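J.: Below is the file coords11.pdb, with PDB, C-alpha atoms and all ligand atoms.
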```
ATOM      1  CA  MET Q   2      94.804 -12.596 161.893
ATOM      2  CA  THR Q   3      91.925 -13.606 159.640
ATOM      3  CA  LEU Q   4      91.399 -17.263 158.800
ATOM      4  CA  SER Q   5      92.696 -16.653 155.265
ATOM      5  CA  GLU Q   6      95.873 -15.078 156.644
ATOM      6  CA  LYS Q   7      96.444 -18.009 159.012
ATOM      7  CA  LEU Q   8      95.906 -20.420 156.137
ATOM      8  CA  LYS Q   9      98.484 -18.624 154.019
ATOM      9  CA  GLU Q  10     101.011 -18.777 156.839
ATOM     10  CA  THR Q  11     100.422 -22.491 157.461
ATOM     11  CA  ALA Q  12     100.414 -23.385 153.754
ATOM     12  CA  LYS Q  13     103.658 -21.497 153.255
ATOM     13  CA  TYR Q  14     105.303 -23.407 156.102
ATOM     14  CA  ILE Q  15     104.178 -26.773 154.709
ATOM     15  CA  GLN Q  16     105.266 -25.829 151.181
ATOM     16  CA  GLY Q  17     108.625 -24.864 152.627
ATOM     17  CA  LYS Q  18     108.992 -28.476 153.799
ATOM     18  CA  GLY Q  19     108.745 -29.622 150.177
ATOM     19  CA  VAL Q  20     105.021 -30.240 149.810
ATOM     20  CA  THR Q  21     104.020 -29.247 146.290
ATOM     21  CA  SER Q  22     100.889 -30.377 144.453
ATOM     22  CA  ILE Q  23      98.180 -32.382 146.247
ATOM     23  CA  ASP Q  24      95.468 -34.455 144.568
ATOM     24  CA  PHE Q  25      93.831 -35.807 147.719
ATOM     25  CA  GLY Q  26      93.637 -34.886 151.354
ATOM     26  CA  LEU Q  27      93.309 -37.951 153.582
ATOM     27  CA  ILE Q  28      91.986 -37.976 157.132
ATOM     28  CA  LEU Q  29      92.765 -41.242 158.865
ATOM     29  CA  GLY Q  30      90.602 -42.081 161.848
ATOM     30  CA  SER Q  31      91.084 -44.149 165.005
ATOM     31  CA  GLY Q  32      93.249 -47.184 164.308
ATOM     32  CA  LEU Q  33      93.290 -46.477 160.552
ATOM     33  CA  GLY Q  34      96.397 -44.295 160.505
ATOM     34  CA  GLU Q  35      98.610 -47.116 159.250
ATOM     35  CA  LEU Q  36      97.578 -46.386 155.678
ATOM     36  CA  ALA Q  37      99.912 -43.381 155.858
ATOM     37  CA  ASP Q  38     102.829 -45.798 156.363
ATOM     38  CA  GLU Q  39     102.362 -46.905 152.752
ATOM     39  CA  ILE Q  40     102.906 -43.429 151.352
ATOM     40  CA  THR Q  41     106.202 -43.290 149.424
ATOM     41  CA  ASP Q  42     108.578 -40.370 148.746
ATOM     42  CA  ARG Q  43     107.463 -39.180 152.148
ATOM     43  CA  ILE Q  44     107.663 -35.881 153.888
ATOM     44  CA  VAL Q  45     106.509 -36.137 157.506
ATOM     45  CA  ILE Q  46     105.584 -33.059 159.512
ATOM     46  CA  PRO Q  47     104.564 -33.432 163.196
ATOM     47  CA  TYR Q  48     101.565 -31.287 164.087
ATOM     48  CA  GLU Q  49     103.434 -29.506 166.879
ATOM     49  CA  GLU Q  50     105.819 -27.990 164.313
ATOM     50  CA  ILE Q  51     103.086 -26.524 162.151
ATOM     51  CA  PRO Q  52     102.076 -22.905 162.745
ATOM     52  CA  ASN Q  53      98.403 -22.532 163.759
ATOM     53  CA  PHE Q  54      97.925 -26.316 164.167
ATOM     54  CA  PRO Q  55      96.588 -27.686 167.445
ATOM     55  CA  VAL Q  56      97.972 -30.917 168.943
ATOM     56  CA  SER Q  57      95.802 -34.038 169.164
ATOM     57  CA  THR Q  58      95.489 -35.777 172.506
ATOM     58  CA  VAL Q  59      93.811 -39.132 171.805
ATOM     59  CA  VAL Q  60      95.551 -42.499 172.174
ATOM     60  CA  GLY Q  61      95.872 -44.143 168.757
ATOM     61  CA  HIS Q  62      96.237 -40.832 166.938
ATOM     62  CA  ALA Q  63      99.863 -40.195 166.008
ATOM     63  CA  GLY Q  64      99.531 -36.528 165.130
ATOM     64  CA  GLN Q  65     101.463 -35.832 161.972
ATOM     65  CA  LEU Q  66     101.002 -34.903 158.347
ATOM     66  CA  VAL Q  67     102.390 -37.363 155.845
ATOM     67  CA  TYR Q  68     102.846 -36.158 152.279
ATOM     68  CA  GLY Q  69     103.847 -38.275 149.312
ATOM     69  CA  THR Q  70     102.614 -40.737 146.712
ATOM     70  CA  LEU Q  71      99.893 -43.305 147.303
ATOM     71  CA  SER Q  72      98.189 -45.228 144.485
ATOM     72  CA  GLY Q  73      99.880 -42.954 141.960
ATOM     73  CA  LYS Q  74      98.300 -39.867 143.531
ATOM     74  CA  LYS Q  75      99.875 -37.063 145.501
ATOM     75  CA  VAL Q  76      98.303 -37.185 148.937
ATOM     76  CA  LEU Q  77      98.553 -35.271 152.165
ATOM     77  CA  ALA Q  78      97.416 -37.485 155.014
ATOM     78  CA  MET Q  79      96.493 -36.538 158.539
ATOM     79  CA  GLN Q  80      97.683 -39.373 160.720
ATOM     80  CA  GLY Q  81      95.400 -38.521 163.610
ATOM     81  CA  ARG Q  82      92.686 -35.887 163.536
ATOM     82  CA  PHE Q  83      91.328 -33.270 165.923
ATOM     83  CA  HIS Q  84      88.038 -33.859 167.688
ATOM     84  CA  TYR Q  85      85.437 -31.444 168.974
ATOM     85  CA  TYR Q  86      85.303 -33.382 172.268
ATOM     86  CA  GLU Q  87      88.953 -32.541 172.928
ATOM     87  CA  GLY Q  88      87.738 -29.022 173.557
ATOM     88  CA  HIS Q  89      88.798 -27.601 170.194
ATOM     89  CA  SER Q  90      86.382 -25.292 168.438
ATOM     90  CA  MET Q  91      84.930 -26.632 165.211
ATOM     91  CA  GLN Q  92      86.959 -24.000 163.364
ATOM     92  CA  THR Q  93      90.083 -25.535 164.871
ATOM     93  CA  VAL Q  94      88.972 -29.108 164.164
ATOM     94  CA  THR Q  95      88.501 -28.241 160.490
ATOM     95  CA  PHE Q  96      91.525 -25.992 160.017
ATOM     96  CA  PRO Q  97      93.619 -28.806 158.454
ATOM     97  CA  VAL Q  98      90.973 -29.384 155.771
ATOM     98  CA  ARG Q  99      91.222 -25.726 154.835
ATOM     99  CA  VAL Q 100      95.000 -26.094 154.714
ATOM    100  CA  MET Q 101      94.654 -29.057 152.344
ATOM    101  CA  LYS Q 102      92.512 -26.956 150.026
ATOM    102  CA  ALA Q 103      94.937 -24.035 150.288
ATOM    103  CA  LEU Q 104      97.678 -26.451 149.189
ATOM    104  CA  GLY Q 105      95.637 -27.433 146.136
ATOM    105  CA  ALA Q 106      93.595 -30.476 147.171
ATOM    106  CA  ASP Q 107      90.171 -30.527 145.526
ATOM    107  CA  SER Q 108      89.206 -33.884 147.006
ATOM    108  CA  LEU Q 109      89.110 -35.326 150.494
ATOM    109  CA  VAL Q 110      88.996 -38.900 151.765
ATOM    110  CA  VAL Q 111      87.641 -39.106 155.314
ATOM    111  CA  THR Q 112      87.721 -42.254 157.410
ATOM    112  CA  ASN Q 113      86.526 -43.017 160.892
ATOM    113  CA  ALA Q 114      85.522 -45.613 163.414
ATOM    114  CA  ALA Q 115      81.842 -45.654 164.338
ATOM    115  CA  GLY Q 116      79.151 -47.624 166.089
ATOM    116  CA  GLY Q 117      76.683 -49.549 163.934
ATOM    117  CA  VAL Q 118      73.069 -48.458 164.339
ATOM    118  CA  ASN Q 119      71.647 -50.366 161.380
ATOM    119  CA  THR Q 120      70.624 -53.800 162.707
ATOM    120  CA  SER Q 121      72.026 -55.555 159.627
ATOM    121  CA  PHE Q 122      75.559 -54.292 160.346
ATOM    122  CA  ALA Q 123      78.200 -56.361 162.140
ATOM    123  CA  PRO Q 124      81.358 -55.199 163.919
ATOM    124  CA  GLY Q 125      84.161 -55.146 161.373
ATOM    125  CA  ASP Q 126      81.944 -54.064 158.472
ATOM    126  CA  LEU Q 127      83.143 -51.186 156.337
ATOM    127  CA  MET Q 128      80.528 -48.604 155.323
ATOM    128  CA  LEU Q 129      80.515 -46.140 152.474
ATOM    129  CA  ILE Q 130      79.137 -42.898 153.894
ATOM    130  CA  THR Q 131      76.357 -41.684 151.599
ATOM    131  CA  ASP Q 132      75.191 -38.750 153.716
ATOM    132  CA  GLN Q 133      75.488 -37.328 157.217
ATOM    133  CA  ILE Q 134      73.461 -35.873 160.051
ATOM    134  CA  ASN Q 135      75.059 -33.088 162.040
ATOM    135  CA  TYR Q 136      73.853 -33.794 165.566
ATOM    136  CA  THR Q 137      76.652 -31.945 167.329
ATOM    137  CA  GLY Q 138      74.628 -28.785 167.880
ATOM    138  CA  ASP Q 139      77.449 -26.761 166.403
ATOM    139  CA  ASN Q 140      78.701 -25.907 162.932
ATOM    140  CA  PRO Q 141      82.212 -24.960 161.828
ATOM    141  CA  LEU Q 142      80.832 -22.247 159.535
ATOM    142  CA  MET Q 143      79.251 -20.229 162.349
ATOM    143  CA  GLY Q 144      80.516 -16.691 162.539
ATOM    144  CA  LEU Q 145      81.669 -14.329 159.859
ATOM    145  CA  ASN Q 146      81.903 -15.968 156.426
ATOM    146  CA  GLU Q 147      85.100 -15.407 154.484
ATOM    147  CA  ASP Q 148      83.714 -15.239 150.966
ATOM    148  CA  ASP Q 149      87.013 -16.115 149.306
ATOM    149  CA  LEU Q 150      86.824 -19.521 151.034
ATOM    150  CA  GLY Q 151      83.220 -20.358 150.171
ATOM    151  CA  PRO Q 152      79.613 -19.164 150.271
ATOM    152  CA  ARG Q 153      77.611 -18.112 153.338
ATOM    153  CA  PHE Q 154      74.984 -20.812 152.758
ATOM    154  CA  PRO Q 155      76.691 -23.867 151.240
ATOM    155  CA  ASP Q 156      74.663 -26.546 149.481
ATOM    156  CA  MET Q 157      74.946 -29.928 151.234
ATOM    157  CA  SER Q 158      72.746 -31.849 148.751
ATOM    158  CA  GLU Q 159      75.623 -34.125 147.790
ATOM    159  CA  ALA Q 160      77.968 -33.814 150.736
ATOM    160  CA  TYR Q 161      79.598 -37.114 149.756
ATOM    161  CA  ASP Q 162      80.471 -37.408 146.084
ATOM    162  CA  LYS Q 163      78.220 -39.958 144.359
ATOM    163  CA  ALA Q 164      80.703 -40.825 141.614
ATOM    164  CA  TYR Q 165      83.451 -41.531 144.160
ATOM    165  CA  GLY Q 166      81.007 -43.727 146.085
ATOM    166  CA  GLU Q 167      80.186 -45.740 142.968
ATOM    167  CA  VAL Q 168      83.880 -46.401 142.374
ATOM    168  CA  ALA Q 169      84.355 -47.532 145.991
ATOM    169  CA  LYS Q 170      81.394 -49.925 145.706
ATOM    170  CA  LYS Q 171      82.758 -51.421 142.505
ATOM    171  CA  VAL Q 172      86.214 -51.847 144.030
ATOM    172  CA  ALA Q 173      84.719 -53.508 147.128
ATOM    173  CA  THR Q 174      82.846 -56.001 144.939
ATOM    174  CA  GLU Q 175      86.008 -56.800 142.998
ATOM    175  CA  LEU Q 176      88.037 -57.250 146.182
ATOM    176  CA  LYS Q 177      85.190 -59.286 147.753
ATOM    177  CA  ILE Q 178      85.082 -56.874 150.685
ATOM    178  CA  ARG Q 179      81.666 -56.435 152.300
ATOM    179  CA  LEU Q 180      80.906 -52.720 151.966
ATOM    180  CA  GLN Q 181      77.753 -51.463 153.629
ATOM    181  CA  GLN Q 182      76.458 -48.012 152.866
ATOM    182  CA  GLY Q 183      74.582 -45.503 154.908
ATOM    183  CA  VAL Q 184      74.175 -42.309 156.839
ATOM    184  CA  TYR Q 185      76.756 -41.237 159.424
ATOM    185  CA  MET Q 186      75.397 -39.288 162.368
ATOM    186  CA  GLY Q 187      77.912 -37.143 164.206
ATOM    187  CA  TYR Q 188      77.618 -36.616 167.966
ATOM    188  CA  SER Q 189      79.946 -34.389 169.959
ATOM    189  CA  GLY Q 190      81.167 -37.207 172.241
ATOM    190  CA  PRO Q 191      83.195 -37.970 174.291
ATOM    191  CA  THR Q 192      80.549 -40.166 175.910
ATOM    192  CA  TYR Q 193      79.303 -43.016 173.824
ATOM    193  CA  GLU Q 194      75.592 -42.677 173.208
ATOM    194  CA  THR Q 195      72.858 -44.041 175.460
ATOM    195  CA  PRO Q 196      70.589 -46.827 174.179
ATOM    196  CA  ALA Q 197      67.765 -44.259 173.989
ATOM    197  CA  GLU Q 198      69.904 -41.970 171.851
ATOM    198  CA  ILE Q 199      70.684 -44.876 169.542
ATOM    199  CA  ARG Q 200      66.975 -45.721 169.140
ATOM    200  CA  MET Q 201      66.423 -42.043 168.324
ATOM    201  CA  SER Q 202      69.310 -42.064 165.836
ATOM    202  CA  ARG Q 203      67.804 -45.054 164.038
ATOM    203  CA  VAL Q 204      64.411 -43.346 163.794
ATOM    204  CA  LEU Q 205      66.134 -40.232 162.414
ATOM    205  CA  GLY Q 206      67.798 -42.242 159.668
ATOM    206  CA  ALA Q 207      71.288 -42.960 160.951
ATOM    207  CA  ASP Q 208      73.125 -46.175 160.073
ATOM    208  CA  ALA Q 209      76.247 -45.407 162.089
ATOM    209  CA  VAL Q 210      77.185 -42.961 164.847
ATOM    210  CA  GLY Q 211      80.508 -41.393 165.692
ATOM    211  CA  MET Q 212      82.295 -38.372 167.115
ATOM    212  CA  SER Q 213      84.126 -36.959 164.104
ATOM    213  CA  THR Q 214      83.954 -36.355 160.342
ATOM    214  CA  VAL Q 215      80.813 -34.184 160.245
ATOM    215  CA  PRO Q 216      82.634 -30.848 160.765
ATOM    216  CA  GLU Q 217      85.400 -31.716 158.296
ATOM    217  CA  VAL Q 218      82.880 -32.689 155.622
ATOM    218  CA  ILE Q 219      80.919 -29.467 156.144
ATOM    219  CA  VAL Q 220      84.068 -27.424 155.628
ATOM    220  CA  ALA Q 221      85.121 -29.499 152.609
ATOM    221  CA  ASN Q 222      81.721 -28.792 151.059
ATOM    222  CA  HIS Q 223      82.050 -25.114 151.905
ATOM    223  CA  MET Q 224      85.163 -25.118 149.701
ATOM    224  CA  SER Q 225      83.567 -27.300 146.974
ATOM    225  CA  MET Q 226      85.833 -30.272 147.645
ATOM    226  CA  ARG Q 227      84.663 -33.709 146.543
ATOM    227  CA  VAL Q 228      84.431 -36.131 149.463
ATOM    228  CA  LEU Q 229      84.761 -39.887 149.817
ATOM    229  CA  GLY Q 230      83.899 -41.218 153.271
ATOM    230  CA  ILE Q 231      84.601 -44.692 154.633
ATOM    231  CA  THR Q 232      83.553 -45.834 158.104
ATOM    232  CA  CYS Q 233      84.824 -48.836 159.977
ATOM    233  CA  VAL Q 234      81.936 -50.151 162.070
ATOM    234  CA  THR Q 235      83.931 -51.149 165.133
ATOM    235  CA  ASN Q 236      81.048 -52.154 167.385
ATOM    236  CA  LEU Q 237      77.304 -52.262 167.559
ATOM    237  CA  ALA Q 238      75.974 -49.036 169.055
ATOM    238  CA  ALA Q 239      74.840 -48.706 172.663
ATOM    239  CA  GLY Q 240      71.995 -51.012 173.685
ATOM    240  CA  MET Q 241      72.752 -53.394 170.809
ATOM    241  CA  GLN Q 242      75.643 -55.115 172.613
ATOM    242  CA  ALA Q 243      76.636 -55.526 176.277
ATOM    243  CA  ASN Q 244      78.806 -52.415 176.663
ATOM    244  CA  LEU Q 245      81.141 -50.135 174.725
ATOM    245  CA  ASN Q 246      84.809 -49.408 175.162
ATOM    246  CA  HIS Q 247      87.668 -47.842 173.276
ATOM    247  CA  GLU Q 248      89.698 -51.076 173.418
ATOM    248  CA  GLU Q 249      87.105 -52.858 171.288
ATOM    249  CA  VAL Q 250      87.211 -49.988 168.795
ATOM    250  CA  VAL Q 251      90.985 -50.362 168.495
ATOM    251  CA  GLU Q 252      90.790 -54.202 168.310
ATOM    252  CA  THR Q 253      88.247 -54.127 165.494
ATOM    253  CA  THR Q 254      90.157 -51.593 163.392
ATOM    254  CA  GLU Q 255      93.225 -53.797 163.905
ATOM    255  CA  ARG Q 256      91.281 -56.801 162.587
ATOM    256  CA  VAL Q 257      89.928 -55.121 159.438
ATOM    257  CA  LYS Q 258      92.676 -52.659 158.610
ATOM    258  CA  ALA Q 259      94.079 -54.812 155.780
ATOM    259  CA  ASP Q 260      90.726 -54.739 153.935
ATOM    260  CA  PHE Q 261      90.281 -51.085 154.768
ATOM    261  CA  LYS Q 262      93.690 -50.188 153.335
ATOM    262  CA  GLU Q 263      93.124 -52.198 150.150
ATOM    263  CA  LEU Q 264      89.709 -50.646 149.598
ATOM    264  CA  VAL Q 265      90.986 -47.098 150.020
ATOM    265  CA  LYS Q 266      94.160 -47.659 147.987
ATOM    266  CA  ILE Q 267      92.468 -49.243 144.973
ATOM    267  CA  THR Q 268      89.618 -46.731 145.072
ATOM    268  CA  LEU Q 269      92.148 -43.893 145.180
ATOM    269  CA  GLU Q 270      93.844 -45.362 142.123
ATOM    270  CA  ARG Q 271      90.601 -45.112 140.156
ATOM    271  CA  ILE Q 272      89.114 -41.800 141.199
TER     272      ILE Q 272
HETATM  273  N1  LIG J 301      79.675 -44.340 169.139
HETATM  274  C1  LIG J 301      80.372 -43.218 168.856
HETATM  275  N2  LIG J 301      81.586 -43.234 168.371
HETATM  276  C2  LIG J 301      82.151 -44.423 168.130
HETATM  277  C3  LIG J 301      81.502 -45.621 168.395
HETATM  278  C4  LIG J 301      80.177 -45.585 168.926
HETATM  279  O1  LIG J 301      79.523 -46.610 169.184
HETATM  280  N3  LIG J 301      82.341 -46.628 168.034
HETATM  281  C5  LIG J 301      83.471 -46.033 167.565
HETATM  282  N4  LIG J 301      83.359 -44.699 167.616
END
```
How would this structure read if it were set down as structure tokens?
Ligand code: HPA
T.:
Amino acid sequence: MTLSEKLKETAKYIQGKGVTSIDFGLILGSGLGELADEITDRIVIPYEEIPNFPVSTVVGHAGQLVYGTLSGKKVLAMQGRFHYYEGHSMQTVTFPVRVMKALGADSLVVTNAAGGVNTSFAPGDLMLITDQINYTGDNPLMGLNEDDLGPRFPDMSEAYDKAYGEVAKKVATELKIRLQQGVYMGYSGPTYETPAEIRMSRVLGADAVGMSTVPEVIVANHMSMRVLGITCVTNLAAGMQANLNHEEVVETTERVKADFKELVKITLERI
């Protein structure tokens, strides 16, 4: 089956569950999945039921699609995403984004947990992603290009939509939420970075580092989707604090999730 054929099959299945129009796709990262609990008129579809969908394996990632209304918009949220480090190909990791587009979504909100590289960041800060560095060594668009999905050589000059970013900044000011902004650098994981890698990342222009988002945003751009990206800086990156662990990542998202949810909800209302 070609990718387009798989997409048709998956979209048809999801439509059969009652999913009609979609304004926004939502990808909810580590510890941030609770936002999907606020979606009303819900249709919930576990990943394992969906044809051509892989199953996510990470603790803290529920693994289901939640469709419904949030902030007056029709959204399809991924509660739990797929990661490259789980052993999935980048094509697999990004398949759900293609499904969102096939179902009619022209915009994507991506969220994640990441380590702060910028020395002025503190754990618990939220960061508007203004741009990204693909440091994974891979790219989800490798291989044959299916021209009906997007061009062979997509422009990444404005990978994250500037207008969406401006709205998020304004909302953050109004809500008195500290919103940093910066460049997200995507590593493959699953190891956290070494202190030397973090010094390198800073020199290369990164403000935060993580193990997700970059492939999904590449594919969204391939299909001309507009992207809003919000990072939760859960810890200072390696070498900037004593050590790193997943528990701290979960604890920090727990601490700031109320602000995170408000910021995303009100921004969604206005974009
Ligand atoms: N590095 C990579 N990924 C992460 C980090 C980090 O420091 N924190 C949360 N996700």
J.: Give me the result of the PyMOL selection byres (((chain Q and resi 106) around 8) and not hetatm) on this file, residue by residue, as a list in words.
T.: Ser22, Ile23, Asp24, Phe25, Gly26, Met101, Lys102, Ala103, Leu104, Gly105, Asp107, Ser108, Leu109 and Met226 of chain Q
J.: Would you mind listing what lies within 8 Å of Gly69 of chain Q as a PyMOL selection string, with only C-alpha atoms counted and same-chain residues fewer than 6 positions away left out?
T.: chain Q and resi 40-44+75-77
J.: Select, from Q:Glu147, Q:Asp156, Q:Glu263, Q:Asp208, the residue with the minimum atom-to-atom distance to Tyr185 of chain Q, counting all atoms listed in the file.
T.: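 Answer, going by the shortest atom-to-atom distance: Q:Asp208.
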J.: From the list Q:Ile134, Q:Leu176, Q:Ala115, Q:Met224, which residue is nearest ligand LIG 301 (chain J) when using all atoms listed in the file?
T.: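 Among the listed residues, the smallest separation from ligand LIG 301 (chain J) belongs to Q:Ala115.
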J.: All residues within 7 Å of ligand LIG 301 (chain J) are required, counting all atoms listed in the file; please report them as a list in words.
T.: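 Within the 7 Å cut-off, the matching residues are Ala114, Ala115, Gly116, Gly117, Gly190, Tyr193, Glu194, Val210, Gly211, Met212, Val234, Thr235, Asn236, Leu237, Ala238, Ala239, Leu245 and Val250 of chain Q.
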J.: Mind giving me the straight-line distance from atom CA of Ala37 of chain Q to atom CA of Met186 of chain Q in Å, one decimal?
T.: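 Taking atom CA of Ala37 of chain Q as the start and atom CA of Met186 of chain Q as the end point, the length is 25.7 Å.
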J.: Please indicate the distance in Å from atom CA of Thr137 of chain Q to atom CA of Tyr188 of chain Q, rounded to one decimal place.
T.: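 Atom CA of Tyr188 of chain Q lies at a distance of 4.8 Å from atom CA of Thr137 of chain Q.
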J.: Name the residues that the PyMOL selection byres (((chain Q and resi 183) around 8) and not hetatm) picks from the file above, as a VMD selection string, using the file's chain letters and numbers.
T.: chain Q and resid 128 to 132 181 to 182 184 to 185 207 to 209
